[in-house]
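Data from final.txt: compact mmCIF, C-alpha atoms
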# COMPACT_ATOMS: atom_id res chain seq x y z
CA MET A 1 2.11 32.70 -50.04
CA GLU A 2 1.26 35.19 -47.31
CA ALA A 3 -2.24 33.74 -47.06
CA ASP A 4 -0.74 30.28 -46.59
CA GLN A 5 1.50 31.49 -43.79
CA SER A 6 -1.33 33.28 -42.02
CA SER A 7 -3.61 30.21 -42.23
CA LYS A 8 -0.73 28.08 -40.83
CA LYS A 9 -0.39 30.56 -37.97
CA ILE A 10 -4.11 30.33 -37.20
CA GLU A 11 -3.86 26.53 -37.36
CA ASP A 12 -0.93 26.56 -34.90
CA GLN A 13 -2.89 28.85 -32.59
CA ASP A 14 -5.83 26.42 -32.73
CA VAL A 15 -3.55 23.51 -31.91
CA ASP A 16 -2.09 25.46 -28.99
CA LYS A 17 -5.54 26.34 -27.72
CA HIS A 18 -6.63 22.71 -28.10
CA ARG A 19 -3.58 21.51 -26.16
CA ARG A 20 -4.18 24.06 -23.39
CA GLU A 21 -7.79 22.93 -23.06
CA HIS A 22 -6.68 19.32 -23.03
CA PHE A 23 -4.09 20.04 -20.37
CA ALA A 24 -6.64 21.90 -18.21
CA GLN A 25 -9.12 19.02 -18.47
CA TYR A 26 -6.46 16.42 -17.58
CA LEU A 27 -5.26 18.55 -14.69
CA LEU A 28 -8.81 18.84 -13.40
CA LEU A 29 -9.16 15.06 -13.52
CA ILE A 30 -5.92 14.47 -11.62
CA ILE A 31 -6.82 17.09 -9.01
CA ILE A 32 -10.22 15.43 -8.45
CA PHE A 33 -8.51 12.03 -8.16
CA VAL A 34 -5.89 13.17 -5.64
CA PHE A 35 -8.56 15.06 -3.68
CA SER A 36 -10.84 11.98 -3.60
CA VAL A 37 -8.03 9.68 -2.46
CA THR A 38 -7.02 12.14 0.26
CA ILE A 39 -10.61 12.18 1.50
CA ILE A 40 -10.82 8.36 1.41
CA TRP A 41 -7.59 8.17 3.42
CA GLN A 42 -9.03 10.47 6.08
CA LEU A 43 -12.39 8.73 6.30
CA LYS A 44 -12.84 5.94 8.80
CA ASN A 45 -16.38 4.88 8.03
CA THR A 46 -16.59 2.13 5.39
CA ASN A 47 -19.86 3.42 3.91
CA SER A 48 -18.43 6.90 3.47
CA LYS A 49 -15.37 5.43 1.77
CA LEU A 50 -17.61 3.40 -0.54
CA LEU A 51 -19.56 6.55 -1.37
CA VAL A 52 -16.42 8.53 -2.31
CA ILE A 53 -15.00 5.62 -4.33
CA THR A 54 -18.28 5.23 -6.24
CA ALA A 55 -18.51 9.00 -6.76
CA PHE A 56 -14.98 9.22 -8.15
CA SER A 57 -15.53 6.27 -10.50
CA LEU A 58 -18.66 7.99 -11.83
CA VAL A 59 -16.77 11.29 -12.12
CA TYR A 60 -14.23 9.59 -14.39
CA LEU A 61 -17.02 8.26 -16.61
CA LEU A 62 -18.70 11.67 -16.74
CA TRP A 63 -15.37 13.38 -17.36
CA GLY A 64 -14.81 11.11 -20.38
CA VAL A 65 -18.26 11.86 -21.78
CA TRP A 66 -17.81 15.59 -21.24
CA HIS A 67 -14.27 15.57 -22.67
CA HIS A 68 -15.31 13.84 -25.89
CA GLN A 69 -18.44 15.93 -26.25
CA GLU A 70 -16.20 18.99 -26.07
CA GLU A 71 -14.13 17.45 -28.83
CA ARG A 72 -17.32 16.64 -30.75
CA ASN A 73 -16.32 13.01 -31.29
CA PHE A 74 -18.28 11.22 -28.56
CA THR A 75 -19.39 7.70 -29.52
CA LEU A 76 -20.72 4.60 -27.81
CA SER A 77 -17.24 3.05 -27.97
CA HIS A 78 -15.89 5.98 -25.95
CA PHE A 79 -18.61 5.49 -23.38
CA LEU A 80 -17.87 1.77 -23.05
CA GLU A 81 -14.12 2.36 -22.68
CA TYR A 82 -14.59 4.95 -19.95
CA LEU A 83 -17.17 2.69 -18.27
CA MET A 84 -14.67 -0.19 -18.15
CA ILE A 85 -11.88 2.02 -16.78
CA SER A 86 -14.34 3.45 -14.21
CA ILE A 87 -15.15 -0.09 -13.06
CA LEU A 88 -11.41 -0.80 -12.85
CA ILE A 89 -10.88 2.33 -10.74
CA PHE A 90 -13.76 1.28 -8.47
CA LEU A 91 -12.37 -2.24 -8.05
CA VAL A 92 -8.78 -1.24 -7.29
CA LEU A 93 -9.84 1.49 -4.84
CA ALA A 94 -12.25 -0.94 -3.19
CA PHE A 95 -9.50 -3.58 -2.91
CA THR A 96 -7.28 -0.97 -1.29
CA PHE A 97 -9.61 0.87 1.03
CA LEU A 98 -12.57 -1.38 1.80
CA PRO A 99 -12.62 -4.50 3.96
CA ILE A 100 -14.03 -6.79 1.24
CA MET B 1 4.15 -29.14 -41.92
CA PHE B 2 6.84 -26.48 -42.06
CA PHE B 3 4.60 -24.05 -43.96
CA GLY B 4 1.77 -24.77 -41.58
CA HIS B 5 4.11 -23.94 -38.70
CA LYS B 6 5.11 -20.70 -40.43
CA ASP B 7 1.46 -19.83 -40.98
CA ASN B 8 0.78 -20.35 -37.32
CA LEU B 9 3.67 -18.12 -36.36
CA GLU B 10 2.39 -15.43 -38.69
CA LYS B 11 -1.08 -15.77 -37.19
CA ILE B 12 0.34 -15.42 -33.68
CA GLU B 13 2.39 -12.41 -34.75
CA ASP B 14 -0.66 -10.86 -36.40
CA PHE B 15 -2.74 -11.53 -33.30
CA ILE B 16 -0.17 -9.90 -30.99
CA LEU B 17 0.11 -6.90 -33.30
CA LYS B 18 -3.66 -6.44 -33.41
CA LEU B 19 -3.75 -6.76 -29.65
CA THR B 20 -1.01 -4.28 -28.84
CA TYR B 21 0.08 -2.11 -31.78
CA PRO B 22 -2.11 0.57 -33.37
CA HIS B 23 -2.14 0.04 -37.14
CA GLU B 24 -4.54 -0.20 -40.08
CA HIS B 25 -5.62 -3.81 -39.34
CA ASN B 26 -7.05 -2.87 -35.95
CA ASN B 27 -8.34 0.54 -37.04
CA HIS B 28 -5.40 2.15 -35.20
CA ARG B 29 -6.76 1.05 -31.84
CA PRO B 30 -5.18 -2.06 -30.21
CA HIS B 31 -7.76 -4.62 -29.11
CA ALA B 32 -6.19 -4.93 -25.65
CA ILE B 33 -7.15 -1.37 -24.72
CA ARG B 34 -10.61 -1.37 -26.25
CA SER B 35 -13.63 -1.86 -24.00
CA GLN B 36 -13.64 -5.63 -24.62
CA GLY B 37 -9.93 -5.80 -23.78
CA VAL B 38 -10.41 -3.87 -20.54
CA LEU B 39 -13.38 -6.09 -19.65
CA PHE B 40 -11.20 -9.18 -20.11
CA PHE B 41 -8.52 -7.49 -18.00
CA LEU B 42 -11.10 -6.82 -15.24
CA VAL B 43 -12.14 -10.48 -15.17
CA VAL B 44 -8.47 -11.58 -15.01
CA ILE B 45 -7.72 -9.15 -12.16
CA ILE B 46 -10.65 -10.47 -10.09
CA LEU B 47 -9.79 -14.12 -10.78
CA LEU B 48 -6.12 -13.65 -9.89
CA GLN B 49 -7.09 -11.78 -6.72
CA VAL B 50 -9.19 -14.75 -5.63
CA VAL B 51 -6.48 -17.27 -6.55
CA SER B 52 -3.66 -15.36 -4.83
CA ASN B 53 -5.70 -14.73 -1.67
CA VAL B 54 -6.78 -18.37 -1.45
CA ALA B 55 -3.24 -19.60 -2.16
CA THR B 56 -1.73 -17.40 0.56
CA LYS B 57 -4.57 -18.23 2.98
CA SER B 58 -5.41 -14.57 3.40
CA SER B 59 -8.29 -13.51 5.58
CA SER B 60 -10.44 -12.39 2.64
CA VAL B 61 -11.09 -13.67 -0.86
CA LEU B 62 -11.02 -10.30 -2.62
CA GLY B 63 -8.97 -7.24 -1.82
CA PHE B 64 -5.53 -6.67 -0.36
CA ALA B 65 -5.94 -8.69 2.83
CA THR B 66 -3.22 -8.42 5.44
CA ASN B 67 -0.92 -11.39 5.72
CA ILE B 68 1.08 -11.07 8.94
CA SER B 69 2.06 -14.00 11.11
CA GLU B 70 3.67 -14.04 14.55
CA THR B 71 6.19 -16.70 13.51
CA GLU B 72 7.27 -14.72 10.46
CA VAL B 73 7.70 -11.52 12.49
CA ILE B 74 9.86 -13.42 14.99
CA ASN B 75 11.89 -15.10 12.22
CA LEU B 76 12.48 -11.80 10.43
CA THR B 77 13.46 -10.15 13.72
CA ASN B 78 15.94 -12.91 14.42
CA GLY B 79 17.16 -12.61 10.84
CA GLN B 80 17.97 -8.96 11.45
CA ARG B 81 19.77 -9.83 14.67
CA GLY B 82 21.70 -12.55 12.90
CA GLN B 83 22.81 -10.10 10.20
CA ASN B 84 24.12 -7.85 12.96
CA GLY B 85 26.02 -10.60 14.73
CA LEU B 86 23.54 -11.05 17.56
CA ALA B 87 22.05 -14.23 18.91
CA GLY B 88 18.47 -15.01 17.98
CA LEU B 89 15.68 -14.47 20.47
CA LYS B 90 13.81 -17.40 21.94
CA THR B 91 10.04 -17.36 21.61
CA ASN B 92 8.43 -17.20 25.01
CA SER B 93 4.78 -18.22 25.27
CA SER B 94 4.24 -15.92 28.28
CA LEU B 95 5.52 -12.97 26.24
CA ASN B 96 3.21 -14.02 23.40
CA LYS B 97 0.32 -13.93 25.89
CA ALA B 98 1.45 -10.56 27.27
CA ALA B 99 1.62 -9.15 23.73
CA ALA B 100 -1.90 -10.47 23.02
CA LEU B 101 -3.14 -8.87 26.25
CA LYS B 102 -1.56 -5.55 25.29
CA ALA B 103 -3.20 -5.67 21.84
CA LYS B 104 -6.55 -6.56 23.41
CA ASP B 105 -6.20 -3.68 25.87
CA MET B 106 -5.46 -1.21 23.04
CA LEU B 107 -8.52 -2.37 21.10
CA GLU B 108 -10.81 -2.38 24.14
CA ASP B 109 -9.68 0.99 25.48
CA ASP B 110 -9.28 2.35 21.93
CA TYR B 111 -5.77 3.80 22.17
CA TRP B 112 -2.63 3.67 20.07
CA ALA B 113 0.24 4.25 22.47
CA HIS B 114 2.74 2.50 24.69
CA PHE B 115 0.93 3.82 27.72
CA ALA B 116 -2.85 3.52 28.08
CA PRO B 117 -4.91 6.66 28.76
CA ASP B 118 -5.32 5.51 32.38
CA GLY B 119 -1.55 5.31 32.76
CA THR B 120 -1.17 1.56 32.34
CA SER B 121 2.40 0.93 31.21
CA PRO B 122 3.55 -1.75 28.76
CA TRP B 123 5.26 -3.51 31.64
CA TYR B 124 1.96 -4.16 33.38
CA PHE B 125 1.23 -6.86 30.81
CA PHE B 126 4.52 -8.61 31.64
CA GLY B 127 3.25 -8.80 35.21
CA MET B 128 -0.13 -10.11 34.07
CA VAL B 129 1.54 -13.26 32.75
CA ASN B 130 3.96 -13.38 35.68
CA TYR B 131 7.03 -12.79 33.47
CA LYS B 132 9.83 -11.58 35.68
CA TYR B 133 12.39 -9.59 33.79
CA THR B 134 15.46 -7.49 34.14
CA TRP B 135 15.20 -6.06 30.65
CA ALA B 136 12.01 -5.43 28.72
CA GLY B 137 11.04 -3.66 25.54
CA GLU B 138 8.04 -3.08 23.32
CA ASN B 139 7.55 -2.32 19.62
CA LEU B 140 4.13 -1.60 18.10
CA ALA B 141 2.87 -1.49 14.54
CA ARG B 142 -0.49 -1.08 12.83
CA ASP B 143 -2.02 -1.08 9.33
CA PHE B 144 0.74 -3.08 7.67
CA ALA B 145 0.01 -5.71 5.03
CA THR B 146 2.91 -8.10 5.53
CA SER B 147 5.31 -9.29 8.23
CA SER B 148 8.28 -8.03 6.21
CA GLY B 149 6.60 -4.61 5.96
CA VAL B 150 6.33 -4.46 9.75
CA VAL B 151 9.93 -5.50 10.44
CA SER B 152 11.29 -3.24 7.67
CA ALA B 153 9.46 -0.25 9.16
CA TRP B 154 10.81 -1.03 12.63
CA MET B 155 14.31 -1.36 11.23
CA ALA B 156 13.93 2.01 9.52
CA SER B 157 13.12 3.68 12.84
CA SER B 158 16.08 4.18 15.17
CA GLY B 159 14.22 3.46 18.43
CA HIS B 160 12.59 0.27 17.19
CA ARG B 161 15.79 -0.84 15.53
CA ALA B 162 17.59 -0.36 18.86
CA ASN B 163 15.10 -2.70 20.51
CA ILE B 164 15.43 -5.35 17.79
CA LEU B 165 19.23 -5.18 17.97
CA ASN B 166 19.46 -4.94 21.75
CA SER B 167 21.88 -7.61 22.97
CA ASN B 168 20.34 -7.58 26.45
CA PHE B 169 17.15 -9.19 25.23
CA THR B 170 17.01 -12.97 25.09
CA GLU B 171 13.33 -13.67 24.59
CA ILE B 172 10.54 -12.43 22.38
CA GLY B 173 6.75 -12.58 22.17
CA VAL B 174 4.57 -11.33 19.33
CA ALA B 175 0.83 -10.92 18.87
CA VAL B 176 -1.00 -10.06 15.65
CA VAL B 177 -4.57 -9.03 16.37
CA ASP B 178 -7.28 -7.78 14.00
CA GLY B 179 -9.79 -5.29 15.35
CA ASN B 180 -11.26 -1.85 15.19
CA LEU B 181 -9.02 0.88 16.54
CA GLU B 182 -10.06 4.53 16.60
CA GLY B 183 -12.98 3.68 14.30
CA GLU B 184 -10.81 1.94 11.74
CA ASP B 185 -10.42 -1.75 10.96
CA THR B 186 -6.78 -2.57 11.47
CA THR B 187 -4.22 -5.23 12.27
CA LEU B 188 -2.18 -4.53 15.38
CA VAL B 189 1.25 -6.04 15.89
CA VAL B 190 2.71 -6.05 19.39
CA GLN B 191 6.29 -7.20 19.82
CA LEU B 192 7.59 -7.66 23.35
CA PHE B 193 11.20 -8.30 24.29
CA GLY B 194 12.45 -9.59 27.60
CA ARG B 195 15.35 -10.92 29.54
CA PRO B 196 14.08 -13.11 32.33
CA VAL B 197 15.47 -12.88 35.83
CA THR B 198 16.93 -16.38 35.72
CA VAL B 199 19.10 -15.55 32.71
CA ALA B 200 20.30 -12.36 34.32
CA ALA B 201 21.10 -14.12 37.58
CA ALA B 202 23.12 -16.79 35.82
CA SER B 203 25.11 -14.36 33.69
CA GLU B 204 25.77 -11.65 36.25
CA THR B 205 27.75 -13.18 39.06
CA THR B 206 28.10 -10.01 41.06
CA SER B 207 24.52 -9.00 40.75
CA ASP B 208 21.87 -9.22 43.36
CA SER B 209 19.44 -9.18 40.52
CA GLY B 210 16.39 -10.79 41.86
CA THR B 211 14.92 -7.59 40.63
CA GLY B 212 12.30 -9.24 38.47
CA GLU B 213 10.23 -9.47 41.62
CA LYS B 214 9.57 -5.83 41.11
CA VAL B 215 6.96 -6.46 38.44
CA LYS B 216 3.76 -5.10 39.78
CA ALA B 217 0.40 -6.63 39.83
CA SER B 218 -1.39 -3.34 40.03
CA LYS B 219 -2.75 -1.80 36.86
CA VAL B 220 -1.12 1.60 37.20
CA GLU B 221 2.62 1.79 37.67
CA ALA B 222 4.41 4.84 38.94
CA ASN B 223 7.76 6.37 37.97
CA ILE B 224 7.94 5.01 34.48
CA LYS B 225 8.56 7.73 31.99
CA LEU B 226 7.56 7.88 28.38
CA PRO B 227 10.53 7.78 26.07
CA THR B 228 11.38 11.16 24.63
CA GLU B 229 14.89 11.71 23.30
CA GLU B 230 16.54 8.38 23.87
CA PRO B 231 15.00 5.11 22.86
CA LYS B 232 16.09 3.53 26.12
CA VAL B 233 14.70 4.76 29.42
CA VAL B 234 15.38 3.72 32.95
CA ALA B 235 12.42 2.95 35.08
CA GLN B 236 12.64 3.21 38.82
CA THR B 237 10.48 1.01 40.92
CA GLU B 238 9.30 1.41 44.47
CA SER B 239 12.05 -0.78 45.86
CA GLU B 240 14.61 1.70 44.51
CA ASN B 241 16.38 -0.96 42.53
CA GLN B 242 16.87 -0.10 38.95
CA GLU B 243 15.42 -2.03 36.11
CA GLU B 244 16.28 -1.09 32.57
CA ILE B 245 13.43 -0.92 30.19
CA ALA B 246 13.89 -0.21 26.53
CA ALA B 247 11.02 1.35 24.68
CA PRO B 248 11.35 2.95 21.31
CA LYS B 249 11.07 6.69 21.08
CA VAL B 250 7.72 7.82 19.75
CA ASP B 251 8.28 7.92 16.02
CA ASN B 252 5.47 9.13 13.85
CA SER B 253 7.85 10.59 11.32
CA LEU B 254 8.13 7.38 9.37
CA ASN B 255 6.15 8.02 6.24
CA ILE B 256 5.72 6.37 2.91
CA ALA B 257 7.98 8.83 1.18
CA SER B 258 10.92 7.64 3.23
CA LEU B 259 10.58 4.16 1.82
CA PRO B 260 11.94 3.59 -1.66
CA PRO B 261 9.54 2.10 -4.26
CA PHE B 262 11.36 -1.21 -4.38
CA SER B 263 10.79 -1.82 -0.70
CA LEU B 264 7.08 -1.06 -1.22
CA VAL B 265 6.98 -3.81 -3.84
CA LYS B 266 9.04 -6.14 -1.67
CA ASN B 267 6.74 -5.66 1.30
CA ALA B 268 3.51 -6.01 -0.69
CA THR B 269 1.17 -8.98 -0.37
CA THR B 270 0.88 -11.48 -3.23
CA SER B 271 -2.53 -10.10 -4.24
CA GLN B 272 -1.07 -6.57 -4.28
CA LYS B 273 1.83 -7.69 -6.46
CA VAL B 274 -0.54 -9.46 -8.86
CA THR B 275 -2.80 -6.42 -9.18
CA VAL B 276 0.09 -3.98 -9.54
CA SER B 277 1.72 -6.17 -12.23
CA LEU B 278 -1.51 -6.31 -14.24
CA LEU B 279 -2.09 -2.58 -13.84
CA PHE B 280 1.45 -1.89 -14.94
CA MET B 281 0.93 -4.05 -18.03
CA MET B 282 -2.19 -2.07 -18.92
CA PHE B 283 -0.38 1.20 -18.21
CA ALA B 284 2.49 0.20 -20.51
CA LEU B 285 0.06 -0.71 -23.32
CA LEU B 286 -1.76 2.62 -22.99
CA VAL B 287 1.45 4.65 -22.96
CA PHE B 288 2.81 2.69 -25.93
CA ASP B 289 -0.42 3.35 -27.82
CA SER B 290 -0.28 7.07 -26.98
CA VAL B 291 3.32 7.35 -28.16
CA VAL B 292 2.68 5.52 -31.45
CA VAL B 293 -0.49 7.51 -32.18
CA PHE B 294 1.23 10.78 -31.32
CA ARG B 295 4.28 10.05 -33.47
CA LYS B 296 2.34 8.79 -36.45
CA ARG B 297 -0.39 11.40 -35.96
CA HIS B 298 -3.12 8.85 -36.59
CA LEU B 299 -6.67 10.02 -36.71
CA ARG B 300 -8.95 7.48 -35.13
CA ILE B 301 -12.22 7.11 -33.34
CA GLY B 302 -11.13 6.10 -29.89
CA SER B 303 -10.61 7.60 -26.49
CA HIS B 304 -7.35 9.11 -25.27
CA SER B 305 -5.09 6.47 -23.85
CA LEU B 306 -3.20 9.10 -21.89
CA ALA B 307 -6.21 9.82 -19.64
CA HIS B 308 -6.63 6.12 -18.89
CA ALA B 309 -2.85 5.73 -18.42
CA SER B 310 -2.66 8.59 -15.92
CA MET B 311 -5.53 7.08 -13.91
CA ILE B 312 -3.91 3.64 -13.94
CA LEU B 313 -0.56 5.09 -12.86
CA LEU B 314 -2.28 6.71 -9.87
CA LEU B 315 -3.97 3.38 -9.10
CA ILE B 316 -0.57 1.65 -9.17
CA ILE B 317 0.83 4.18 -6.69
CA ILE B 318 -2.17 3.79 -4.38
CA SER B 319 -2.07 -0.01 -4.58
CA LEU B 320 1.60 0.05 -3.60
CA LEU B 321 0.99 2.42 -0.73
CA TYR B 322 -1.55 0.05 0.82
CA GLY B 323 -0.03 -1.65 3.82
CA SER B 324 2.39 1.15 4.65
CA GLY B 325 1.26 1.40 8.22
CA SER B 326 2.70 3.22 11.18
CA VAL B 327 4.96 2.15 14.00
CA LEU B 328 5.15 3.27 17.58

Structure re-expressed in structure tokens:
Amino acid sequence: MEADQSSKKIEDQDVDKHRREHFAQYLLLIIIFVFSVTIIWQLKNTNSKLLVITAFSLVYLLWGVWHHQEERNFTLSHFLEYLMISILIFLVLAFTFLPI
Amino acid sequence: MFFGHKDNLEKIEDFILKLTYPHEHNNHRPHAIRSQGVLFFLVVIILLQVVSNVATKSSSVLGFATNISETEVINLTNGQRGQNGLAGLKTNSSLNKAAALKAKDMLEDDYWAHFAPDGTSPWYFFGMVNYKYTWAGENLARDFATSSGVVSAWMASSGHRANILNSNFTEIGVAVVDGNLEGEDTTLVVQLFGRPVTVAAASETTSDSGTGEKVKASKVEANIKLPTEEPKVVAQTESENQEEIAAPKVDNSLNIASLPPFSLVKNATTSQKVTVSLLFMMFALLVFDSVVVFRKRHLRIGSHSLAHASMILLLIIISLLYGSGSVL
């Protein structure tokens, strides 16, 4: 009985740790996003804006790969999903900030 | 026939469930938010951008092109006056020309102000088109996406609002000019108000108001002060007669935060609205998926919808903020 309770406690601690790591990784992503958009807003040169938009889109893809590798469940389907969302991010930011 | 109809309904229901709801038949990952679903969504977003931009005759095929017209700005301005019990302003072609000259001057000399760096006042441009006035005013705007966005921002700023609702003005001229200002591609909107001398002379029996003659031909005018506290300033001319000139107080305090979200949507271009609607749909699907997976504690091979949802939410906010320019 006591062994059961102690293993449950360890399990809860693992879940907590997992959630904290998740939260930190999400927070990092949002900070990078807000930082990138702030930079884009300040920039006046179109090429520089394009560079930051491309960089952030790639960062999202890399973040996804890193995040799932940390979770040890990275697959090709993950890569494709993050790739598609990265392209979406690129498109919407380009629509907003670049004279297309 | 009836059973066939029922079968079809079941098929449609099954299809929608597979598309949107995580359950065992779609391996707990809705098809709409898989890579193929997002790819389809990307194609739709691009196609609808093209269609909406072509339909609204925007200046570009892709992207959130600005869609501001002089006529619409004038109509909306008169609409605001009408709502406040004031007579509408008559479009004056000379004022339109003066507004275009002012916009051209700002782009050529690269400044964003009522007064040029060399001291040229807004009233100089009235003189350039030989518009003789007793009352004159100027509102400026830049980086807006729509005419309603421009007029809403002016109405939200006390000085600009005072100009729009000034009963002394009888005529209006507007110019919308695209160009590069301070290193940035932008759309400038210049709105000029006036009351010509003839109108003043007819309405003021006691006046000796041939004062419109005071408009100077020289580039630099003296004794005209920049508005500071009050939106209306009095300008003294060399002939010592007084001519009232209304210019809005410099108002850079108008920021996006002061505008409620619904007005951002209202003032968005069609292509913006289309993109935001599609993004919101995707956001809702991702959040719904996250909630269902979290509540049912499904184990699945798939990425975290919450990460995608948070990115899409930020994209929605940014898309809505496009076209929230500044007024002066």

One decimal, in Å: what's the spacing between CA of Leu28 in chain A and CA of Trp63 in chain A?
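Pair CA of Leu28 in chain A / CA of Trp63 in chain A returns 9.4 Å.
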
If you measure from CA of Gln83 in chain B to CA of Ala156 in chain B, what distance in Å do you get, rounded to one decimal?
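Between CA of Gln83 in chain B and CA of Ala156 in chain B the gap is 15.0 Å.
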
Please compute the CA of Thr20 in chain B-CA of His18 in chain A distance, one decimal, in Å.
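For CA of Thr20 in chain B relative to CA of His18 in chain A, the distance reads 27.6 Å.
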
At a cut-off of 9 Å, using all atoms listed in the file, what residues contact Phe90 in chain A? Leave out same-chain residues fewer than 2 positions from it and give the result as a ChimeraX atom specification.
/A:53-54,56-58,85-88,92-95

Option closest in space to chain A, from B:Ser290, B:Asn166, B:Ser271, B:Asn8 [counting only C-alpha atoms]:
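Residue with the minimum atom-to-atom distance to chain A: B:Ser271.
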
Find the residues of chain A in contact range of chain B, meaning any atom within 10 Å when counting all atoms listed in the file, and list them as an MDAnalysis selection string.
chainID A and resid 25:26 29:30 33:34 37 43:46 60 64:65 67:68 73:89 91:100

Using C-alpha atoms, can you write the selected residues to a file as a compact mmCIF listing (two decimals), in the frame of the given file?
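Contents of part.txt, freshly written:
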# COMPACT_ATOMS: atom_id res chain seq x y z
CA GLN A 25 -9.12 19.02 -18.47
CA TYR A 26 -6.46 16.42 -17.58
CA LEU A 29 -9.16 15.06 -13.52
CA ILE A 30 -5.92 14.47 -11.62
CA PHE A 33 -8.51 12.03 -8.16
CA VAL A 34 -5.89 13.17 -5.64
CA VAL A 37 -8.03 9.68 -2.46
CA LEU A 43 -12.39 8.73 6.30
CA LYS A 44 -12.84 5.94 8.80
CA ASN A 45 -16.38 4.88 8.03
CA THR A 46 -16.59 2.13 5.39
CA TYR A 60 -14.23 9.59 -14.39
CA GLY A 64 -14.81 11.11 -20.38
CA VAL A 65 -18.26 11.86 -21.78
CA HIS A 67 -14.27 15.57 -22.67
CA HIS A 68 -15.31 13.84 -25.89
CA ASN A 73 -16.32 13.01 -31.29
CA PHE A 74 -18.28 11.22 -28.56
CA THR A 75 -19.39 7.70 -29.52
CA LEU A 76 -20.72 4.60 -27.81
CA SER A 77 -17.24 3.05 -27.97
CA HIS A 78 -15.89 5.98 -25.95
CA PHE A 79 -18.61 5.49 -23.38
CA LEU A 80 -17.87 1.77 -23.05
CA GLU A 81 -14.12 2.36 -22.68
CA TYR A 82 -14.59 4.95 -19.95
CA LEU A 83 -17.17 2.69 -18.27
CA MET A 84 -14.67 -0.19 -18.15
CA ILE A 85 -11.88 2.02 -16.78
CA SER A 86 -14.34 3.45 -14.21
CA ILE A 87 -15.15 -0.09 -13.06
CA LEU A 88 -11.41 -0.80 -12.85
CA ILE A 89 -10.88 2.33 -10.74
CA LEU A 91 -12.37 -2.24 -8.05
CA VAL A 92 -8.78 -1.24 -7.29
CA LEU A 93 -9.84 1.49 -4.84
CA ALA A 94 -12.25 -0.94 -3.19
CA PHE A 95 -9.50 -3.58 -2.91
CA THR A 96 -7.28 -0.97 -1.29
CA PHE A 97 -9.61 0.87 1.03
CA LEU A 98 -12.57 -1.38 1.80
CA PRO A 99 -12.62 -4.50 3.96
CA ILE A 100 -14.03 -6.79 1.24

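Across A:Ala24, A:Arg19, A:Ala55, A:Leu61, the tightest approach to Ser36 in chain A is made by A:Ala55 when counting all atoms listed in the file.
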
Top pick for closest residue to Ala141 in chain B, considering B:Val327, B:Val287, B:Met106, B:Val51 and counting all atoms listed in the file
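When distances to Ala141 in chain B are compared using all atoms listed in the file, the smallest one comes from B:Val327.
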
Identify which of the residues B:Ser69, B:Val293, B:Leu264, B:Ala284 lies closest to Ser147 in chain B, counting all atoms listed in the file when measuring atom-to-atom distances.
B:Ser69

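Take the candidates B:Thr71, B:His31, B:Leu181, B:Gly79 and check each one against Glu108 in chain B using all atoms listed in the file; the shortest distance goes to B:Leu181.
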
Would you mind telling me which residue in A:Asn47, A:Asp16, A:Glu21, A:Phe35 lies nearest to Glu70 in chain A when using only C-alpha atoms?
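The shortest atom-to-atom distance to Glu70 in chain A comes from A:Glu21.
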
Go ahead and fit an axis-aligned box to every listed atom of range 66-82 of chain A plus 4 Å each side, and pass me the centre and edge lengths in Å, one decimal, as lines of an AutoDock Vina configuration file.
center_x = -17.4
center_y = 10.4
center_z = -25.6
size_x = 14.6
size_y = 25.2
size_z = 19.3

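Near Lys104 in chain B, within 12 Å and counting all atoms listed in the file, sit Lys97, Ala98, Ala99, Ala100, Leu101, Lys102, Met106, Leu107, Glu108, Asp109, Asp110, Tyr111, Trp112, Ala116, Phe125, Ala175, Val176, Val177, Asp178, Gly179, Asn180, Leu181, Thr187, Leu188, Val189 and Val190 of chain B, not including residues fewer than 2 positions from it in the same chain.
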
Missing atoms in range 37-44 of chain B: fill them in up to N, CA and C atoms and send the result as a short mmCIF file (atom, residue, chain, number, x, y, z; two decimals), keeping the file's coordinate frame.
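Saved to out.cif:
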data_model
loop_
_atom_site.label_atom_id
_atom_site.label_comp_id
_atom_site.auth_asym_id
_atom_site.auth_seq_id
_atom_site.Cartn_x
_atom_site.Cartn_y
_atom_site.Cartn_z
N GLY B 37 -11.24 -5.46 -24.35
CA GLY B 37 -9.93 -5.80 -23.78
C GLY B 37 -9.88 -5.46 -22.30
N VAL B 38 -10.41 -4.29 -21.95
CA VAL B 38 -10.41 -3.87 -20.54
C VAL B 38 -11.34 -4.77 -19.72
N LEU B 39 -12.45 -5.18 -20.34
CA LEU B 39 -13.38 -6.09 -19.65
C LEU B 39 -12.68 -7.41 -19.33
N PHE B 40 -11.95 -7.93 -20.30
CA PHE B 40 -11.20 -9.18 -20.11
C PHE B 40 -10.17 -8.99 -18.98
N PHE B 41 -9.52 -7.84 -19.00
CA PHE B 41 -8.52 -7.49 -18.00
C PHE B 41 -9.16 -7.45 -16.59
N LEU B 42 -10.38 -6.90 -16.52
CA LEU B 42 -11.10 -6.82 -15.24
C LEU B 42 -11.39 -8.22 -14.69
N VAL B 43 -11.82 -9.10 -15.59
CA VAL B 43 -12.14 -10.48 -15.17
C VAL B 43 -10.86 -11.16 -14.67
N VAL B 44 -9.75 -10.96 -15.40
CA VAL B 44 -8.47 -11.58 -15.01
C VAL B 44 -8.03 -11.05 -13.64
#
